[in-house]
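What follows is a short report on a single structure.
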Amino acid sequence: MSAMPLSRARRVTGIALAWCGAVLYPAVLFVTVSVGRTGFEDVYVLLSAGLTVLVMALLRRNPLPAHALLLTAWILAALEMPNGTIVGLLVLLTDVSVGYIAVTRPRKVSVSVAVVTFVLQGLSIAAFLSGNEVLPMTLILAMAITWMTGNSIRVRRTHAEAMRVQATAQAVAAERLRIARELHDMVAHSIGIIAIQAGVGGRVIDTQPAEARNALDAIEATSRETLSGLRRMLTALRKDGADSVPLGPTPGLDDLASLAGAAADAGVEIDISTVGERRPLPPDVDLSAYRIVQEAITNVVRHAGTDNCRVAIDYRDDALAVEVVDDGRGGMVGTGYGLVGMRERVSLLRGEFAAGPRPEGGFRVAARIPLEGR
């Protein structure tokens, strides 16, 4: 049996045993309260306490069945021995359970559970309610406070998740807009080259056919490369903007030295290593690889708390691999939207992206961009 099925079997067995113990909980608690009429015996008390902790823990996995068992057990206990301690534990534990359900379940479900629980609490301790004006109000306030607290936590979590999703979508849209602008610069640069070569070819076509042929070859190569980049990326972009950016040469991996110099001025030494035969890359791949390294180094300078960083560029036959590693504080994936932008760039180029803390400490960003068919 492989490790994965064995691990799953152990987990399933553990869950089954836990629920078996939970199902026995009402009977065990009832027996514990019954023997308590003549004095609690330690073994029953310890067993009941352990099963109470077990059922409360099961609330995390299946809150509704666990709450039903908890409510049943303590109602039986209150009916068997209606004293202040049992009633107090009944109200405390079941109200806490209702509060957790209000956190984890929709409002309609949690309100129904709260109402049913409150009614059953009142019926099970009806003897205490007669002639007592304080206890009914205490039950109402306790249930209301626990439910409202749980519901408030759920609402805040839902709002925070909605804001996170919205911020992620905005980060993706902003990155796509940036890519579109950079693609515009790249195309404008290529069209400029084509125009120059066409002018040269037109002037020398009669007197220097060889030069004209070279100009036509350059036009063909540049146009094919530009069209390939457009075909890969333009259909994936859905947003545009009215803002413009200055036209100029787009950066690439040849500019990593200046990027390392800027990082050194900020106190972080960048060790750049290259594997494989260095060769010209498609402009969109070259630009995206540069932006990934740039964003990763920016994160190191801002957040890693280290003075060195390693950048590895691997020119493979079918792909370009980029890796940025540091030995800093590490951190959690998804704490910033720079990673969202990097992932979006790689996704548009049909590549693979990974980022996260390293087991030995620090943080690693890795991307693989395929080159086949480009």
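Ligands are numbered from 1 in the order shown, residues from 1 within each chain, and chains are lettered A, B, ... in the order they appear in the structure tokens.
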Exercise. Do you know which residues are at most 10 Å from range 273-277 of chain A counting only C-alpha atoms, after dropping those on the same chain fewer than 6 positions away, and could you put them as a list in words?
Worked result: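 These residues fall inside the cut-off: Arg310, Val311, Ala312, Ile313, Asp314, Tyr315, Arg316, Asp317, Leu320, Ala321, Val322 and Glu323 of chain A.
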Same residues, all heavy atoms, saved as a CSV table (one decimal), in the first residue's frame:
chain,number,residue,atom,x,y,z
A,310,ARG,N,19.9,35.7,-5.0
A,310,ARG,CA,20.5,35.0,-6.1
A,310,ARG,C,19.5,34.9,-7.3
A,310,ARG,O,18.3,34.5,-7.0
A,310,ARG,CB,20.9,33.6,-5.7
A,310,ARG,CG,22.0,33.6,-4.6
A,310,ARG,CD,22.4,32.2,-4.2
A,310,ARG,NE,21.3,31.5,-3.6
A,310,ARG,CZ,21.0,31.6,-2.3
A,310,ARG,NH1,21.6,32.5,-1.6
A,310,ARG,NH2,20.0,30.9,-1.8
A,311,VAL,N,19.9,35.3,-8.5
A,311,VAL,CA,19.1,35.2,-9.7
A,311,VAL,C,19.7,34.2,-10.6
A,311,VAL,O,20.9,34.4,-11.0
A,311,VAL,CB,19.0,36.6,-10.3
A,311,VAL,CG1,18.1,36.5,-11.6
A,311,VAL,CG2,18.3,37.6,-9.3
A,312,ALA,N,19.0,33.3,-11.1
A,312,ALA,CA,19.5,32.3,-12.0
A,312,ALA,C,18.6,32.3,-13.3
A,312,ALA,O,17.4,32.2,-13.2
A,312,ALA,CB,19.4,30.9,-11.4
A,313,ILE,N,19.3,32.4,-14.4
A,313,ILE,CA,18.6,32.4,-15.8
A,313,ILE,C,19.1,31.2,-16.5
A,313,ILE,O,20.3,31.0,-16.7
A,313,ILE,CB,19.0,33.7,-16.6
A,313,ILE,CG1,18.7,35.0,-15.7
A,313,ILE,CG2,18.2,33.7,-17.8
A,313,ILE,CD1,17.3,35.2,-15.3
A,314,ASP,N,18.2,30.3,-16.9
A,314,ASP,CA,18.5,29.1,-17.5
A,314,ASP,C,18.0,29.1,-18.9
A,314,ASP,O,16.7,29.0,-19.1
A,314,ASP,CB,18.0,27.9,-16.7
A,314,ASP,CG,18.4,26.5,-17.2
A,314,ASP,OD1,19.1,26.5,-18.2
A,314,ASP,OD2,18.1,25.5,-16.6
A,315,TYR,N,18.9,29.2,-19.9
A,315,TYR,CA,18.5,29.1,-21.3
A,315,TYR,C,18.4,27.6,-21.7
A,315,TYR,O,19.4,27.0,-22.1
A,315,TYR,CB,19.5,29.8,-22.2
A,315,TYR,CG,19.5,31.3,-22.0
A,315,TYR,CD1,20.2,31.9,-21.0
A,315,TYR,CD2,18.7,32.2,-22.9
A,315,TYR,CE1,20.2,33.3,-20.8
A,315,TYR,CE2,18.7,33.5,-22.7
A,315,TYR,CZ,19.5,34.1,-21.7
A,315,TYR,OH,19.5,35.5,-21.5
A,316,ARG,N,17.2,27.1,-21.7
A,316,ARG,CA,17.0,25.7,-22.1
A,316,ARG,C,16.7,25.6,-23.6
A,316,ARG,O,16.3,26.6,-24.2
A,316,ARG,CB,16.0,25.0,-21.3
A,316,ARG,CG,16.3,25.1,-19.8
A,316,ARG,CD,15.1,24.5,-19.0
A,316,ARG,NE,15.4,24.7,-17.5
A,316,ARG,CZ,14.5,24.4,-16.6
A,316,ARG,NH1,13.3,24.0,-16.9
A,316,ARG,NH2,14.8,24.5,-15.3
A,317,ASP,N,16.7,24.4,-24.2
A,317,ASP,CA,16.3,24.3,-25.6
A,317,ASP,C,14.9,24.7,-25.9
A,317,ASP,O,14.6,25.3,-26.9
A,317,ASP,CB,16.6,22.8,-26.0
A,317,ASP,CG,18.0,22.5,-26.0
A,317,ASP,OD1,18.9,23.4,-26.1
A,317,ASP,OD2,18.3,21.3,-25.9
A,320,LEU,N,12.7,29.0,-21.2
A,320,LEU,CA,13.5,29.9,-20.4
A,320,LEU,C,13.1,29.8,-19.0
A,320,LEU,O,11.9,29.9,-18.7
A,320,LEU,CB,13.4,31.4,-20.9
A,320,LEU,CG,14.1,32.4,-20.0
A,320,LEU,CD1,15.6,32.3,-20.3
A,320,LEU,CD2,13.6,33.8,-20.3
A,321,ALA,N,14.0,29.4,-18.1
A,321,ALA,CA,13.7,29.3,-16.7
A,321,ALA,C,14.3,30.4,-15.9
A,321,ALA,O,15.5,30.8,-16.1
A,321,ALA,CB,14.2,27.9,-16.1
A,322,VAL,N,13.6,31.0,-15.0
A,322,VAL,CA,14.0,32.1,-14.2
A,322,VAL,C,13.8,31.8,-12.7
A,322,VAL,O,12.7,31.3,-12.3
A,322,VAL,CB,13.3,33.4,-14.5
A,322,VAL,CG1,13.7,34.6,-13.6
A,322,VAL,CG2,13.5,33.8,-16.0
A,323,GLU,N,14.8,32.0,-11.9
A,323,GLU,CA,14.6,31.7,-10.4
A,323,GLU,C,15.3,32.8,-9.6
A,323,GLU,O,16.4,33.2,-9.9
A,323,GLU,CB,15.3,30.4,-10.1
A,323,GLU,CG,15.1,29.9,-8.6
A,323,GLU,CD,15.7,28.6,-8.3
A,323,GLU,OE1,17.0,28.5,-8.4
A,323,GLU,OE2,15.0,27.7,-7.9
Problem set entry | 12 Å contact set for Leu76 in chain A, only C-alpha atoms, chain neighbours under 3 positions out, as a PyMOL selection string | chain A and resi 25-34+69-73+79-82+86-87+90+120-121+123-125
For this session: Can you pull out every residue within 8 Å of range 303-305 of chain A, counting only C-alpha atoms, but drop anything in the same chain fewer than 6 positions away, and send it as a PyMOL selection string?
Result: chain A and resi 326-330+362-363
Grab the residues selected above and save them as a CSV table (one decimal), in the first residue's frame with N, CA and C atoms.
chain,number,residue,atom,x,y,z
A,326,ASP,N,16.2,34.0,-2.0
A,326,ASP,CA,16.9,34.8,-1.0
A,326,ASP,C,16.9,34.0,0.3
A,327,ASP,N,17.6,34.4,1.3
A,327,ASP,CA,17.7,33.7,2.6
A,327,ASP,C,17.1,34.6,3.7
A,328,GLY,N,16.1,35.4,3.3
A,328,GLY,CA,15.5,36.3,4.3
A,328,GLY,C,14.5,35.7,5.2
A,329,ARG,N,13.5,36.5,5.5
A,329,ARG,CA,12.5,36.1,6.5
A,329,ARG,C,11.4,35.2,5.9
A,330,GLY,N,11.4,35.0,4.6
A,330,GLY,CA,10.3,34.2,4.0
A,330,GLY,C,9.1,35.0,4.0
A,362,GLY,N,13.9,31.7,3.9
A,362,GLY,CA,14.0,32.5,2.7
A,362,GLY,C,12.8,32.3,1.8
A,363,PHE,N,12.8,32.9,0.6
A,363,PHE,CA,11.7,32.9,-0.3
A,363,PHE,C,12.2,32.5,-1.7
For this session: Determine which residues of range 293-359 of chain A DSSP labels as strand (DSSP E) from the backbone of this structure, then write them out as a PyMOL selection string.
Result: chain A and resi 308-315+319-326+352-357
For this session: Would you mind listing what lies within 9 Å of Met56 in chain A as a PyMOL selection string, with only C-alpha atoms counted and same-chain residues fewer than 3 positions away left out?
Result: chain A and resi 51-53+59-60+63+66-67+70+93+97
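Distance-wise, CA of Ser7 in chain A and CA of Arg61 in chain A end up 18.3 Å apart.
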Exercise. Which is closer to Met342 in chain A than all the others in A:Arg10, A:Arg368, A:His159, A:Arg302, using only C-alpha atoms?
Worked result: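 Using only C-alpha atoms, Met342 in chain A sits closest to A:Arg368.
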Seminar exercise, completed: Using only C-alpha atoms, the residue out of A:Ser48, A:Val119, A:Leu135, A:Tyr290 with shortest distance to Gly84 in chain A is A:Leu135
Exercise. Which residue out of A:Thr207, A:Leu177, A:Glu269, A:Asp286 has the minimum interatomic distance to Asp307 in chain A when only C-alpha atoms are used?
Worked result: A:Glu269
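One distance worth recording is that between CA of Asp217 in chain A and CA of Asp284 in chain A, which is 21.1 Å.
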Seminar exercise, completed: Correct to one decimal, the distance CA of Arg364 in chain A-CA of Cys309 in chain A is 10.0 Å
